[in-house]
Every structure is written in structure tokens, then in C-alpha cells.
>>> print(open('target.cif').read())   # mmCIF, C-alpha atoms
data_input
#
loop_
_atom_site.label_atom_id
_atom_site.label_comp_id
_atom_site.auth_asym_id
_atom_site.auth_seq_id
_atom_site.Cartn_x
_atom_site.Cartn_y
_atom_site.Cartn_z
CA MET A 1 13.61 -29.11 19.91
CA PRO A 2 10.43 -27.88 18.16
CA SER A 3 9.46 -29.48 14.88
CA ARG A 4 9.63 -27.59 11.60
CA ASP A 5 5.86 -27.16 11.59
CA GLU A 6 5.94 -25.63 15.07
CA GLN A 7 8.80 -23.31 14.09
CA ARG A 8 6.96 -22.26 10.96
CA ALA A 9 3.73 -21.61 12.89
CA ALA A 10 5.62 -19.49 15.43
CA LEU A 11 7.32 -17.50 12.67
CA GLU A 12 4.05 -16.94 10.81
CA ALA A 13 2.41 -15.74 14.03
CA GLN A 14 5.28 -13.31 14.60
CA LEU A 15 5.04 -11.98 11.04
CA ALA A 16 1.26 -11.59 11.34
CA ALA A 17 1.75 -9.56 14.53
CA LEU A 18 4.22 -7.29 12.73
CA ASP A 19 1.82 -6.81 9.81
CA ASP A 20 -0.99 -5.84 12.20
CA ASP A 21 1.14 -3.11 13.80
CA ASP A 22 1.29 -0.56 10.97
CA ASP A 23 2.12 2.32 13.33
CA THR A 24 5.79 1.29 13.49
CA ASP A 25 6.31 1.03 9.71
CA GLU A 26 8.95 3.45 8.44
CA VAL A 27 7.72 6.02 5.93
CA THR A 28 9.09 9.14 4.24
CA ILE A 29 7.01 12.26 3.60
CA ARG A 30 8.07 15.35 1.68
CA ARG A 31 6.76 18.89 1.36
CA GLY A 32 8.77 21.14 -0.87
CA ASP A 33 12.36 21.01 0.36
CA ASP A 34 11.36 19.54 3.75
CA SER A 35 11.32 15.79 4.30
CA PHE A 36 10.80 13.47 7.24
CA THR A 37 11.59 9.76 7.60
CA GLY A 38 10.32 7.86 10.60
CA SER A 39 7.49 5.76 11.97
CA TRP A 40 3.98 6.08 10.55
CA ARG A 41 2.69 7.41 13.87
CA ARG A 42 5.32 10.17 13.98
CA ALA A 43 4.83 10.96 10.26
CA VAL A 44 1.12 11.60 10.90
CA GLU A 45 2.09 14.09 13.63
CA VAL A 46 4.66 15.84 11.41
CA ALA A 47 2.19 16.03 8.52
CA ALA A 48 -0.39 17.58 10.84
CA SER A 49 2.14 20.22 11.88
CA TRP A 50 2.77 20.91 8.18
CA GLY A 51 -0.95 21.44 7.64
CA PHE A 52 -2.16 18.25 5.98
CA SER A 53 -3.38 14.86 7.11
CA LEU A 54 -2.25 11.39 6.12
CA LYS A 55 -4.58 8.46 5.56
CA LYS A 56 -3.57 4.84 5.72
CA PRO A 57 -3.50 3.24 2.27
CA PRO A 58 -6.35 0.80 1.67
CA ALA A 59 -5.54 -2.82 2.40
CA ALA A 60 -5.08 -4.99 -0.65
CA ASP A 61 -8.13 -7.11 -1.36
CA PRO A 62 -6.90 -10.68 -1.79
CA GLU A 63 -10.04 -11.61 -3.73
CA SER A 64 -9.58 -8.96 -6.39
CA GLU A 65 -7.88 -10.21 -9.50
CA PRO A 66 -6.28 -8.07 -12.20
CA GLY A 67 -8.21 -8.04 -15.44
CA LYS A 68 -11.65 -8.11 -13.82
CA GLY A 69 -14.20 -5.31 -13.58
CA LYS A 70 -14.34 -1.83 -15.06
CA ASP A 71 -10.72 -0.84 -14.40
CA LYS A 72 -9.17 -4.01 -15.88
CA GLY A 73 -6.10 -3.43 -13.68
CA GLY A 74 -3.92 -5.94 -15.51
CA ALA A 75 -2.94 -5.77 -19.15
CA ALA A 76 -4.49 -2.84 -20.98
CA GLU A 77 -6.76 -3.54 -23.91
CA VAL A 78 -5.92 -1.38 -26.91
CA ARG A 79 -8.64 -0.72 -29.48
CA ARG A 80 -8.67 1.34 -32.65
CA PHE A 81 -10.34 4.72 -32.32
CA ALA A 82 -13.47 4.62 -34.47
CA GLY A 83 -14.52 8.20 -33.94
CA ARG A 84 -15.35 11.00 -36.35
CA ARG A 85 -13.19 11.29 -39.46
CA ILE A 86 -12.13 14.66 -40.82
CA SER A 87 -11.31 14.86 -44.51
#
>>> encode(input="target.cif", output="C-alpha cells")
Amino acid sequence: MPSRDEQRAALEAQLAALDDDDDTDEVTIRRGDDSFTGSWRRAVEVAASWGFSLKKPPAADPESEPGKGKDKGGAAEVRRFAGRRIS
């Protein structure tokens, strides 16, 4: 019987393989009253027949942290508007 560490490693390898294969992920696309639910690969084909193309969403960057950079991402900072006053 495999140890817990071996079972965990096998499970993590299986999950990593599933994450790498994005073509089998189920998605739903809609255009007006028409909709399609199926695999990503098939959804790309259906979208092409409808006249538009689908792009894969960008992968999440594990190094990016909310609250850093220009688009703060996390909690919004609210400041008083100090613009022109009209009397």
C-alpha cells in the first residue's frame, strides 16, 4: 500500500495534467438567443461558425499581488475630489 506522500504526489500529478489540458474544459458561449455549452475546443469551432474568435484567458500570474502597481487591484482607494469649484 502506497504511503500518504506517494498518494498525494500521484494525485497532484493527475491534477496538474488536468490543468494543462484546457481543451477539455466545459464552457458556455452565447450570441443573442443562441447558446452553446461544451468543450473549449468545440466552443472555438462554434464561435468561428458564428463569425467571431475566442481567445484563451490569460493565465493568472502567481507573483502578482493585489494592491500593487497602477491598477491597485485590491481594495480601492477613495480620495476627495479637489477639482474646480463652481460658486
>>> resolve_selection(input="target.cif", expression="the PyMOL selection byres ((chain A and resi 40-53) around 9)", output="list in words")
Asp22, Asp23, Thr24, Asp25, Glu26, Val27, Thr28, Ile29, Arg31, Phe36, Thr37, Gly38, Ser39, Leu54 and Lys55 of chain A
>>> atom_distance(input="target.cif", atom1="atom CA of A:Leu11", atom2="atom CA of A:Lys56")
25.8 Å
>>> atom_distance(input="target.cif", atom1="atom CA of A:Ala16", atom2="atom CA of A:Arg30")
29.4 Å
>>> atom_distance(input="target.cif", atom1="atom CA of A:Ser3", atom2="atom CA of A:Ala17")
21.4 Å
